[in-house]
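Peer 1: Enclosed is the structure file data-v9.txt (compact mmCIF, C-alpha atoms).
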```txt
# COMPACT_ATOMS: atom_id res chain seq x y z
CA MET A 1065 21.89 49.31 -33.44
CA GLY A 1066 21.90 51.57 -36.47
CA ALA A 1067 19.95 54.46 -34.90
CA ALA A 1068 21.36 57.73 -33.64
CA ILE A 1069 18.35 58.57 -31.45
CA THR A 1070 17.94 56.49 -28.28
CA LYS A 1071 14.16 56.42 -28.66
CA THR A 1072 14.38 54.56 -31.97
CA LYS A 1073 17.15 52.13 -31.09
CA ASN A 1074 16.13 48.51 -31.75
CA THR A 1075 17.42 45.21 -33.09
CA SER A 1076 15.40 45.18 -36.32
CA ASN A 1077 18.31 46.33 -38.47
CA ILE A 1078 20.70 43.67 -37.31
CA TRP A 1079 18.03 40.95 -37.75
CA ALA A 1080 17.43 42.24 -41.29
CA HIS A 1081 21.18 42.27 -41.98
CA LEU A 1082 21.52 38.67 -40.76
CA ARG A 1083 18.52 37.53 -42.82
CA ILE A 1084 19.88 39.08 -46.04
CA HIS A 1085 23.62 38.53 -45.78
CA HIS A 1086 24.00 35.63 -43.30
CA PRO A 1087 20.94 33.36 -43.64
CA ALA A 1088 22.54 30.41 -41.80
CA LEU A 1089 23.40 32.55 -38.78
CA HIS A 1090 19.95 34.13 -38.95
CA ASP A 1091 18.21 30.73 -38.82
CA ALA A 1092 20.34 29.53 -35.90
CA ALA A 1093 19.77 32.74 -33.95
CA GLN A 1094 16.03 32.61 -34.65
CA LYS A 1095 15.76 29.02 -33.34
CA LYS A 1096 17.73 29.96 -30.22
CA ARG A 1097 15.43 32.94 -29.70
CA GLU A 1098 12.28 30.82 -30.01
CA THR A 1099 13.64 28.21 -27.59
CA SER A 1100 14.52 30.89 -25.05
CA GLU A 1101 11.02 32.38 -25.27
CA LYS A 1102 9.41 28.98 -24.63
CA THR A 1103 11.51 28.21 -21.54
CA THR A 1104 11.42 31.65 -19.96
CA GLN A 1105 8.82 31.86 -17.20
CA PRO A 1106 6.63 34.96 -17.37
CA GLN A 1107 6.99 37.44 -14.55
CA PRO A 1108 4.10 36.94 -12.08
CA THR A 1109 1.71 39.83 -11.65
CA ILE A 1110 1.11 41.50 -8.29
CA GLN A 1111 -2.32 39.84 -8.16
CA GLN A 1112 -0.79 36.40 -8.75
CA MET A 1113 1.78 37.00 -5.99
CA PHE A 1114 -0.99 37.87 -3.52
CA GLN A 1115 -3.01 34.80 -4.59
CA ARG A 1116 -0.06 32.56 -3.76
CA GLN A 1117 -0.21 33.77 -0.16
CA THR A 1118 -4.00 33.84 0.24
CA ARG A 1119 -5.52 30.83 1.97
CA TRP A 1120 -8.17 28.88 0.12
CA PRO A 1121 -11.70 28.94 1.54
CA ASN A 1122 -12.89 25.54 2.79
CA THR A 1123 -15.37 25.41 -0.12
CA ASP A 1124 -12.60 25.68 -2.72
CA GLY A 1125 -12.25 22.59 -4.92
CA LYS A 1126 -8.50 22.28 -4.27
CA SER A 1127 -9.10 22.47 -0.50
CA LYS A 1128 -11.77 19.76 -0.69
CA HIS A 1129 -9.44 17.56 -2.73
CA LEU A 1130 -6.72 17.82 -0.07
CA ASP A 1131 -9.31 17.02 2.64
CA LYS A 1132 -10.07 13.79 0.77
CA VAL A 1133 -6.42 12.87 0.13
CA ILE A 1134 -5.44 13.44 3.79
CA THR A 1135 -8.33 11.23 4.99
CA GLU A 1136 -7.35 8.50 2.53
CA MET A 1137 -3.73 8.70 3.77
CA ILE A 1138 -4.86 8.28 7.39
CA VAL A 1139 -6.92 5.20 6.46
CA SER A 1140 -4.48 3.51 4.08
CA ASP A 1141 -1.47 4.07 6.39
CA ASN A 1142 -3.48 3.07 9.50
CA GLN A 1143 -2.68 6.37 11.20
CA PRO A 1144 -4.66 7.95 14.04
CA PHE A 1145 -6.80 10.92 13.07
CA THR A 1146 -4.84 12.97 15.60
CA VAL A 1147 -1.88 12.93 13.18
CA VAL A 1148 -3.29 16.14 11.66
CA SER A 1149 -2.60 17.86 15.00
CA ASP A 1150 1.04 16.77 15.16
CA ALA A 1151 3.63 19.54 14.79
CA GLY A 1152 5.58 17.71 12.10
CA PHE A 1153 2.52 17.14 9.92
CA LYS A 1154 1.45 20.77 10.30
CA ARG A 1155 4.93 21.95 9.26
CA LEU A 1156 4.91 19.61 6.26
CA MET A 1157 1.54 20.89 5.03
CA ALA A 1158 2.57 24.53 5.60
CA VAL A 1159 5.57 24.04 3.32
CA ALA A 1160 3.83 21.83 0.74
CA GLU A 1161 0.74 24.01 0.37
CA PRO A 1162 0.56 27.16 2.55
CA ARG A 1163 -2.82 28.10 1.04
CA TYR A 1164 -4.50 25.01 2.55
CA THR A 1165 -6.06 25.22 6.01
CA LEU A 1166 -5.73 22.04 8.08
CA LYS A 1167 -8.93 20.95 9.80
CA SER A 1168 -9.38 19.36 13.22
CA GLU A 1169 -9.11 15.58 13.61
CA LYS A 1170 -12.87 15.51 14.30
CA TYR A 1171 -13.56 16.98 10.84
CA TYR A 1172 -11.65 14.23 9.01
CA ARG A 1173 -13.19 11.56 11.25
CA THR A 1174 -16.82 12.67 11.11
CA GLU A 1175 -17.20 14.73 7.93
CA MET A 1176 -14.85 12.92 5.52
CA MET A 1177 -14.69 9.33 6.73
CA GLU A 1178 -18.25 8.28 5.93
CA GLY A 1179 -18.04 9.15 2.24
CA ILE A 1180 -14.70 7.38 1.78
CA HIS A 1181 -15.94 4.34 3.70
CA HIS A 1182 -18.99 4.12 1.44
CA LYS A 1183 -16.81 4.14 -1.69
CA VAL A 1184 -14.54 1.41 -0.27
CA VAL A 1185 -17.56 -0.75 0.63
CA GLU A 1186 -18.96 -0.48 -2.90
CA LYS A 1187 -15.55 -1.36 -4.36
CA ILE A 1188 -15.17 -4.43 -2.12
CA LYS A 1189 -18.71 -5.58 -2.91
CA ALA A 1190 -17.85 -5.52 -6.61
CA LEU A 1191 -14.48 -7.19 -5.94
CA VAL A 1192 -15.99 -10.29 -4.28
CA GLN A 1193 -18.62 -10.87 -6.95
CA PRO A 1194 -18.25 -13.94 -9.25
CA GLU A 1195 -17.23 -11.89 -12.30
CA ASN A 1196 -14.12 -10.72 -10.39
CA ALA A 1197 -13.48 -13.34 -7.70
CA GLY A 1198 -14.74 -16.50 -9.38
CA HIS A 1199 -17.51 -18.74 -8.07
CA SER A 1200 -15.76 -20.02 -4.93
CA LEU A 1201 -14.81 -17.89 -1.93
CA SER A 1202 -13.07 -19.08 1.22
CA PHE A 1203 -13.52 -17.52 4.65
CA THR A 1204 -11.84 -17.46 8.03
CA THR A 1205 -13.89 -16.50 11.07
CA ASP A 1206 -13.45 -16.38 14.82
CA CYS A 1207 -15.13 -15.05 17.96
CA TRP A 1208 -13.34 -12.99 20.58
CA SER A 1209 -14.57 -12.10 24.04
CA GLY A 1210 -13.22 -9.29 26.20
CA THR A 1211 -14.21 -7.79 29.51
CA THR A 1212 -16.61 -5.29 27.95
CA GLU A 1213 -17.56 -6.64 24.51
CA SER A 1214 -17.47 -9.62 22.18
CA LEU A 1215 -16.61 -9.56 18.49
CA MET A 1216 -16.90 -11.88 15.50
CA SER A 1217 -14.58 -11.41 12.52
CA LEU A 1218 -14.95 -12.41 8.88
CA THR A 1219 -12.15 -12.46 6.32
CA CYS A 1220 -12.58 -13.44 2.66
CA HIS A 1221 -9.88 -15.20 0.62
CA PHE A 1222 -9.93 -15.78 -3.15
CA ILE A 1223 -7.91 -15.77 -6.36
CA ASP A 1224 -9.05 -13.13 -8.84
CA ASN A 1225 -9.25 -13.36 -12.63
CA GLY A 1226 -5.60 -12.31 -12.88
CA TRP A 1227 -4.55 -15.27 -10.69
CA THR A 1228 -3.62 -12.95 -7.83
CA ARG A 1229 -4.33 -14.05 -4.27
CA LYS A 1230 -6.60 -11.58 -2.48
CA GLN A 1231 -7.53 -11.22 1.18
CA VAL A 1232 -10.08 -8.70 2.46
CA VAL A 1233 -11.35 -8.22 6.01
CA LEU A 1234 -15.10 -7.82 5.59
CA ASN A 1235 -16.42 -7.50 9.15
CA THR A 1236 -15.57 -7.21 12.79
CA LYS A 1237 -19.05 -7.32 14.27
CA ALA A 1238 -20.14 -6.81 17.86
CA MET A 1239 -21.98 -9.78 19.39
CA CYS A 1240 -24.74 -8.76 21.78
CA GLU A 1241 -26.10 -12.18 22.78
CA SER A 1242 -24.83 -15.47 24.17
CA HIS A 1243 -22.49 -17.24 21.74
CA THR A 1244 -24.80 -20.13 20.94
CA GLY A 1245 -24.61 -22.04 17.69
CA GLU A 1246 -27.89 -20.48 16.57
CA TYR A 1247 -26.66 -16.96 17.23
CA ILE A 1248 -23.34 -17.61 15.47
CA ARG A 1249 -25.23 -18.96 12.44
CA GLU A 1250 -27.45 -15.87 12.32
CA THR A 1251 -24.51 -13.46 12.72
CA PHE A 1252 -22.39 -15.21 10.07
CA LEU A 1253 -25.18 -15.28 7.47
CA ASP A 1254 -26.00 -11.62 8.17
CA MET A 1255 -22.37 -10.69 7.47
CA LEU A 1256 -22.47 -12.55 4.15
CA ASP A 1257 -25.71 -10.78 3.28
CA ASP A 1258 -24.12 -7.39 4.06
CA TRP A 1259 -21.67 -8.03 1.21
CA ASN A 1260 -24.19 -9.58 -1.22
CA ILE A 1261 -22.46 -12.97 -0.99
CA SER A 1262 -24.75 -15.97 -1.48
CA LYS A 1263 -24.22 -19.30 0.28
CA ASP A 1264 -23.65 -20.93 -3.13
CA HIS A 1265 -20.38 -19.04 -3.49
CA VAL A 1266 -18.92 -20.21 -0.16
CA GLY A 1267 -16.27 -22.82 -0.90
CA LEU A 1268 -15.01 -23.24 2.67
CA VAL A 1269 -15.21 -21.65 6.12
CA LEU A 1270 -12.14 -22.18 8.29
CA ARG A 1271 -12.99 -21.94 12.02
CA ASP A 1272 -11.68 -22.98 15.41
CA SER A 1273 -12.76 -26.21 17.11
CA GLY A 1274 -15.15 -24.62 19.60
CA ALA A 1275 -18.40 -26.57 19.89
CA ASN A 1276 -20.49 -23.44 19.30
CA MET A 1277 -18.56 -22.55 16.12
CA VAL A 1278 -18.89 -26.11 14.83
CA LYS A 1279 -22.63 -26.08 15.51
CA GLY A 1280 -23.07 -22.62 13.98
CA MET A 1281 -21.52 -23.67 10.65
CA ARG A 1282 -23.52 -26.90 10.64
CA LEU A 1283 -26.75 -24.95 11.17
CA ALA A 1284 -25.75 -22.54 8.41
CA GLU A 1285 -25.23 -25.55 6.11
CA LEU A 1286 -21.83 -24.31 4.97
CA PRO A 1287 -18.71 -26.37 4.16
CA ASP A 1288 -16.29 -25.91 7.06
CA LEU A 1289 -13.06 -27.22 8.58
CA SER A 1290 -11.21 -26.81 11.87
CA CYS A 1291 -8.05 -24.71 11.83
CA THR A 1292 -4.96 -26.93 12.18
CA ALA A 1293 -2.93 -24.10 13.73
CA HIS A 1294 -5.58 -23.59 16.40
CA SER A 1295 -5.69 -27.31 17.18
CA LEU A 1296 -1.89 -27.38 17.46
CA GLN A 1297 -1.99 -24.39 19.81
CA LEU A 1298 -4.44 -26.23 22.08
CA VAL A 1299 -2.15 -29.28 22.14
CA VAL A 1300 0.88 -27.15 23.06
CA ASN A 1301 -1.07 -25.29 25.78
CA ASP A 1302 -2.32 -28.56 27.26
CA GLY A 1303 1.20 -29.98 27.20
CA LEU A 1304 2.67 -26.95 28.98
CA SER A 1305 -0.09 -26.72 31.56
CA SER A 1306 0.39 -30.41 32.47
CA GLN A 1307 3.95 -29.72 33.65
CA ARG A 1308 4.11 -29.01 37.39
CA ALA A 1309 7.22 -26.84 37.04
CA VAL A 1310 5.46 -24.61 34.50
CA ILE A 1311 2.38 -24.32 36.72
CA ASP A 1312 4.52 -23.27 39.70
CA VAL A 1313 6.40 -20.62 37.67
CA ILE A 1314 3.15 -19.14 36.31
CA ALA A 1315 1.68 -19.05 39.82
CA MET A 1316 4.77 -17.25 41.16
CA LEU A 1317 4.69 -14.69 38.33
CA LYS A 1318 0.98 -14.00 38.86
CA LYS A 1319 1.57 -13.54 42.57
```
Go ahead and express the file in the form of C-alpha cells.

Peer 2:
Amino acid sequence: MGAAITKTKNTSNIWAHLRIHHPALHDAAQKKRETSEKTTQPQPTIQQMFQRQTRWPNTDGKSKHLDKVITEMIVSDNQPFTVVSDAGFKRLMAVAEPRYTLKSEKYYRTEMMEGIHHKVVEKIKALVQPENAGHSLSFTTDCWSGTTESLMSLTCHFIDNGWTRKQVVLNTKAMCESHTGEYIRETFLDMLDDWNISKDHVGLVLRDSGANMVKGMRLAELPDLSCTAHSLQLVVNDGLSSQRAVIDVIAMLKK
C-alpha cells in the first residue's frame, strides 16, 4: 500500500488518494466502512467467555427475577409446582439460560408464592373498588361438602369502566361449623370484608335454592336470587329418579 517496509504498510495512502482524486468513491467507501464497524460484534474477552459459563449465585438480581417469572408461570398456567423437577423443563432452562440454577418445587411454593399472592390480592382489591368496577357488583356463591371438609366459594362479576365483563374468584373458604343460615351469613360477610367490599355495593347474590342459603342471604340483608340452572338440574334429577327403569339400572351398576 505504498510502503516498501512491511512494518509501515497501511491503508492511509490509498484513503488519501481516494479523498483527493476520487471524492465520490471515498464517501461511499467511508459510509460502508462506518456501517461495517457498527454491525460487527466485538470479540469477547476471555473473562466474558468464562462469565457466560459461570452460574449465577442465588442472590444475583437476574436469578431472583427468573425465580419470580417461573413462579408466575406456574400460577398463571395452573401448573403443579413439581413442573420444575420435570426433565423437559430442566432441559429447556439449561438451554435458555445455563447460568441459572433451578430450585426445588418447595422453594417456589414456600419462598416465592407468598409474595406473589400478596401482590395479586392487592391488585384484585383495587380492581373491585367503585372507581374501577362501578357501584354495583354481582356475586355467585355455593357450599360444597365432602367426606373430610366443607367449602364455600365466592365469585365476583362486574363490568369495568372500559365496558369489559370481568369475573374473579375471590374465595374458597373452609367451613368449620354446621351449615346453618346464621353461619352462612357470617361466612359470606367475612369474605366480603376480606376484599373491602361493602354491602352497599352488592347488586345481586346468585345462590342455589337450599333453605340454609336462602336464610343466610336473608339474614345478611342482601339482594339475592335462586339459580335457574340449579333449579332445572333438580327438576331433571327428580324426573330421572322417578323412573323405575332408571332406578334399577343405577342399582345394578352400584352393585

Peer 1: One decimal, Å: what's the distance from atom CA of Gln1143 of chain A over to atom CA of Leu1256 of chain A, could you say?

Peer 2: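 Computed distance, atom CA of Gln1143 of chain A to atom CA of Leu1256 of chain A, equals 28.3 Å.
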
Peer 1: Take atom CA of Ala1197 of chain A and atom CA of Thr1219 of chain A and report the distance between them in Å, one decimal.

Peer 2: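 Atom-to-atom, atom CA of Ala1197 of chain A and atom CA of Thr1219 of chain A are spaced 14.1 Å apart.
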
Peer 1: If I take atom CA of Leu1156 of chain A and atom CA of Tyr1171 of chain A, how far is one from the other in Å, to one decimal?

Peer 2: 19.2 Å

Peer 1: Around segment 1161-1180 of chain A, with edges along x, y and z and 5 Å added on all six sides, what centre and edge lengths do you get, in Å to one decimal, as lines of an AutoDock Vina configuration file?

Peer 2:
```
center_x = -8.8
center_y = 17.7
center_z = 7.3
size_x = 29.0
size_y = 30.7
size_z = 23.9
```

Peer 1: Counting only C-alpha atoms, find the residues whose atoms lie at most 9 Å from (-15.3, -12.1, -5.6) (file coordinates) and write them out as JSON, numbers by chain.

Peer 2: {"A": [1188, 1189, 1190, 1191, 1192, 1193, 1194, 1195, 1196, 1197, 1198, 1199, 1200, 1201, 1220, 1221, 1222, 1223, 1224, 1261, 1265]}

Peer 1: Can you list, as a list in words, every protein, DNA or RNA residue that comes within 6 Å of Ser1217 of chain A when you count only C-alpha atoms, leaving out same-chain residues fewer than 4 positions away?

Peer 2: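 Listing them by chain and then by number gives Thr1205, Asp1206, Asn1235 and Thr1236 of chain A.
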
Peer 1: Would you mind telling me which residue in A:Asp1288, A:Lys1319, A:Thr1118, A:Val1184 lies nearest to Val1139 of chain A when using only C-alpha atoms?

Peer 2: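 Ranking A:Asp1288, A:Lys1319, A:Thr1118, A:Val1184 by distance to Val1139 of chain A, first place goes to A:Val1184.
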
Peer 1: Excluding same-chain residues fewer than 6 positions from Val1269 of chain A, what lies within 6 Å of it counting only C-alpha atoms, as a list in words?

Peer 2: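 In the requested format, the answer is Ser1202, Phe1203, Thr1204 and Asp1288 of chain A.
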
Peer 1: Report as a list in words all protein, DNA and RNA residues lying within 12 Å of Tyr1247 of chain A, evaluated on all atoms listed in the file, omitting residues in the same chain fewer than 6 positions from it.

Peer 2: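 The residues that qualify are Cys1207, Met1216, Met1239, Cys1240, Glu1241, Leu1253, Asp1254, Asn1276, Met1277, Lys1279, Gly1280, Met1281, Leu1283 and Ala1284 of chain A.
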
Peer 1: Taking 4 positions as the minimum chain separation for residues in the same chain, which residues sit within 10 Å of Thr1165 of chain A when counting all atoms listed in the file? Answer as a PyMOL selection string.

Peer 2: chain A and resi 1119-1122+1127+1130-1131+1154+1157-1158+1161
